[in-house]
Each structure stands twice: as structure tokens, then as C-alpha cells.
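Some notes on the structure that comes next.
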Amino acid sequence: MRHADHPARPTIGIVGGRGGIGSLFARLFGADGLDVLISDRDTALRNTDLAARCDLLAVAVPLRVMPDVLREVAPHLAPDAAIVSLGSLMEPAAEALRPCTRQAFLLHPLFGPGRKSLRGATLVCASLRGGAVQDWLLAWLRGQGAHVVTSTPEEHDRTMAVAQALLHGNYAALAPQIMRRLPAEDPLAWTSPTLRLQLGLMARILRQDARLYGDLLALNRHAAAAFDELIERLTALRQAMAAGPDAVEELFSTAGADLGPLGADLAAEGDRALGEG
């Protein structure tokens with residue numbers, strides 16, 4: 001049953017409600033006493049039927065199918081309902097929702113499905129067409145203790161090309177290369193605390209769903225340029241090594257300066273992570 005006349009108590013539908021992020025939000029909404037319906041591959045309730053029954057429809061499906069699912073369900077929304085894409089990329093979802101005349105927005109949770117609550121969590125929001133239901137959700141998120149950053153789909157995806165694609169893609173190249181170069185009989189015996197921490201962070205990512213990272217790298221149109229720039233920097237480093245210690249020293253000094261005023265605080269965070277702060 002929809003509650004269009006009572007926006008403080010909307011009926012919420014989650015497409016992909018048995019997946020990681022979908023089940024997390026289903027649990028959090030339900031814990032607050034809200035009516036939550038879900039659809040997934042193995043539910044009797046179909047995506048389109050779910051859309052017609054909800055005030056707020058959240059779509060939490062893999063990125064490679066997100067645009068198709070959004071186009072499937074959007075026409076079935078009631079006129080005063082809202083649809084939100086819960087995904088790590090925004091531009092493909094925004095394009096899919098362009099014909100939609102309902103409230104529509106994009107929300108990227110900058111966290112995984114293992115969270116117990118939203119206190120201290122950060123989400124990025126890009127609004128396509130605002131309205132009362134969207135306002136309710138953003139207020140609800142903030143009421144749960146989350147921080148909401150506003151953006152545009154292009155700005156978000158350009159940033160994620162670095163914060164996700166470049167960072168995590170680099171792990172896929174760097175971690176195997178490090179392990180191959182360490183002594184095979186006992187590689188961790190040679191690791192410093194810094195290297196061990198770095199390998200732990202890389203392993204954490206590389207042991208997660210590889211399908212997600214395939215989507216994050218291949219479907220973000222800004223990612224290739226970010227990698228091209230990294231390759232240029234690696235080439236410059238290799239050239240500096242050939243030129244001698246002074247050239248490498250200059251490159252390192254420049255790289256440190258590029259961190260700007262955040263450098264000292266970030267270094268302190270690194271010290272604390274290593275138990276040295």
C-alpha cells in the first residue's frame with residue numbers, strides 16, 4: 001500500500017533487495033519501522049509490480065545492468081513517487097533516467113554492505129528531478145547520522161575514476177608484482193610494517209567481487225584517462241631512475257609537495273595506522 005498522502009511514512013521498494021547494499025538498506029529502513037518491499041531474481045514480486053506499489057523505489061543492482069533495470073521500472077512509478085539509483089557510477093544511470101518524469105536522483109553509498117548503521121557514513125547524491133520524497137530520504141539519512149555530499153553525475157564519475165578505478169585497478173597490477181619479487185619460500189618475512197599494511201589493503205580489495213571492479217573500471221568513461229596519466233607518471237619515474245639519484249630525489253620532493261596542505265594530516269593518519277602515531 002502506498003502512502004502518498006503521508007510522506008513521513010513512505011512505502012519503500014528495493015530492486016535487488018537481497019544483494020549486499022539492497023539488503024543493508026532493507027534492514028535499516030525496516031529497523032526504523034518503515035514498510036519495505038523487495039524484488040530480486042528469486043522473489044515472486046516482479047520489478048515492475050514493485051515499482052507500482054512504492055512511494056520510493058531504490059534500485060541496487062550490478063552496474064552493468066543498472067541502466068536497463070532503471071528503464072524497465074521507471075515507467076511504472078506513480079506520478080508522485082521517486083526513484084533512486086544506488087550505485088557506484090552515476091552517468092549511465094542518469095542517462096537511463098533522462099526520459100523519466102518522476103522524482104529521480106542518484107545516490108552512491110561510499111561504504112560496503114557490512115555496516116551496522118549509517119552513523120558516520122558518507123553518501124554522494126546527484127539530483128535529477130527533486131521533490132518531497134527525495135527530500136524525505138535525504139533528511140532520513142542525515143537523521144541516521146550519515147553525511148550527504150551533493151554532486152553532479154559527471155563530477156561524481158570523474159572523481160570515482162581516481163578514488164575507485166585508479167586506486168583499485170592499480171592494486172591488481174601492483175600486488176602480484178610485489179609478491180612475485182619477494183622470496184617465494186617466506187615472502188612476508190621480508191615485509192616492513194608499511195609494506196605489510198599496504199599488502200593487507202590490496203588483499204582486502206582483491207578478495208572481493210571481481211565483477212564489481214570490472215564494472216568500475218570498464219564502465220566509467222573517465223577511467224582510461226586517469227590510467228593514461230598514471231602511466232605517464234610511471235614513465236617519468238623510470239626516466240628519473242635512469243638519470244640518477246638527484247632526478248629521483250627531485251621527483252619525490254615534487255610528489256610530496258603535490259599533496260598540498262593535506263600532506264601532514266594524511267601522514268599522521270598513516271602513522272596511526274602503523275601504530276606509530
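Identifiers in this document derive from the order of the C-alpha cells: chains are assigned A, B, ..., residues are numbered from 1 separately in each chain, and ligands are numbered from 1 in order of occurrence.
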
Skipping near chain neighbours, those fewer than 2 positions away, what residues fall within 9 Å of segment 47-55 of chain A using only C-alpha atoms, listed as a PyMOL selection string? chain A and resi 1-4+7+10-16+36-40+45+57+69+72-78+80-83+133

Could you pull out all residues of segment 136-262 of chain A with a DSSP call of alpha helix (DSSP H) and give them as a PyMOL selection string? chain A and resi 136-143+153-160+167-181+193-206+210-218+223-243+245-258

Which one of A:Arg158, A:Arg196, A:Arg9, A:Arg98 sits closest to Phe29 of chain A if you count only C-alpha atoms?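 Between A:Arg158, A:Arg196, A:Arg9, A:Arg98, the residue approaching Phe29 of chain A most closely is A:Arg9.
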
Dump as JSON lines the rows for residues of segment 81-187 of chain A within 9 Å of segment 215-237 of chain A: closest atom pair and distance in Å with one decimal, only C-alpha atoms counted, ordered by chain and rising residue number.
```
{"residue": "A:Ser88", "atom": "CA", "partner": "A:Leu216", "partner_atom": "CA", "distance": 7.4}
{"residue": "A:Leu89", "atom": "CA", "partner": "A:Asn220", "partner_atom": "CA", "distance": 7.0}
{"residue": "A:Glu91", "atom": "CA", "partner": "A:Asn220", "partner_atom": "CA", "distance": 8.3}
{"residue": "A:Pro92", "atom": "CA", "partner": "A:Leu219", "partner_atom": "CA", "distance": 8.3}
{"residue": "A:Asp157", "atom": "CA", "partner": "A:Asn220", "partner_atom": "CA", "distance": 6.6}
{"residue": "A:Arg158", "atom": "CA", "partner": "A:His222", "partner_atom": "CA", "distance": 5.6}
{"residue": "A:Thr159", "atom": "CA", "partner": "A:His222", "partner_atom": "CA", "distance": 8.7}
{"residue": "A:Met160", "atom": "CA", "partner": "A:Ala223", "partner_atom": "CA", "distance": 8.2}
{"residue": "A:Ala161", "atom": "CA", "partner": "A:Ala223", "partner_atom": "CA", "distance": 4.6}
{"residue": "A:Val162", "atom": "CA", "partner": "A:Ala226", "partner_atom": "CA", "distance": 6.5}
{"residue": "A:Gln164", "atom": "CA", "partner": "A:Leu216", "partner_atom": "CA", "distance": 7.2}
{"residue": "A:Ala165", "atom": "CA", "partner": "A:Leu217", "partner_atom": "CA", "distance": 5.0}
{"residue": "A:Leu166", "atom": "CA", "partner": "A:Phe227", "partner_atom": "CA", "distance": 6.4}
{"residue": "A:His168", "atom": "CA", "partner": "A:Leu217", "partner_atom": "CA", "distance": 8.9}
{"residue": "A:Gly169", "atom": "CA", "partner": "A:Leu217", "partner_atom": "CA", "distance": 7.2}
{"residue": "A:Asn170", "atom": "CA", "partner": "A:Phe227", "partner_atom": "CA", "distance": 8.7}
```

Mind dumping the selected residues with C-alpha atoms as a PDB file, in the first residue's frame?
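After the write, part-v8.pdb holds the following:
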```
ATOM      1  CA  SER A  88      28.969   3.463  -7.730  1.00  0.00           C
ATOM      2  CA  LEU A  89      28.573   5.116 -11.151  1.00  0.00           C
ATOM      3  CA  GLU A  91      26.366   8.960 -15.609  1.00  0.00           C
ATOM      4  CA  PRO A  92      24.977   5.717 -17.121  1.00  0.00           C
ATOM      5  CA  ASP A 157      32.168   9.723 -12.038  1.00  0.00           C
ATOM      6  CA  ARG A 158      35.262  11.807 -12.775  1.00  0.00           C
ATOM      7  CA  THR A 159      36.162  11.640  -9.084  1.00  0.00           C
ATOM      8  CA  MET A 160      35.435   7.902  -8.890  1.00  0.00           C
ATOM      9  CA  ALA A 161      37.765   7.346 -11.836  1.00  0.00           C
ATOM     10  CA  VAL A 162      40.527   8.185  -9.358  1.00  0.00           C
ATOM     11  CA  GLN A 164      37.892   3.803  -7.144  1.00  0.00           C
ATOM     12  CA  ALA A 165      39.037   2.812 -10.637  1.00  0.00           C
ATOM     13  CA  LEU A 166      42.610   4.092 -10.489  1.00  0.00           C
ATOM     14  CA  HIS A 168      41.770  -0.378  -7.003  1.00  0.00           C
ATOM     15  CA  GLY A 169      42.864  -1.112 -10.547  1.00  0.00           C
ATOM     16  CA  ASN A 170      46.406  -0.263  -9.572  1.00  0.00           C
TER      17      ASN A 170
END
```

Of A:Ala8, A:Cys125, A:Ile21, A:Val248, the one sitting nearest Ser151 of chain A when using only C-alpha atoms is A:Cys125

Which residue is closest to Leu197 of chain A? Choose from A:Ala173, A:Ala273, A:Ala132, A:Ala163 and count only C-alpha atoms.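 That would be A:Ala273, the residue with the smallest distance to Leu197 of chain A.
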
Just the strand (DSSP E or B) stuff from segment 24-168 of chain A, please, per backbone DSSP, written as a ChimeraX atom specification. /A:35-39,56-59,82-86,103-109,122-129,147-150

Atom pair atom CA of Ala210 of chain A / atom CA of His156 of chain A: separation (Å): 21.7 Å
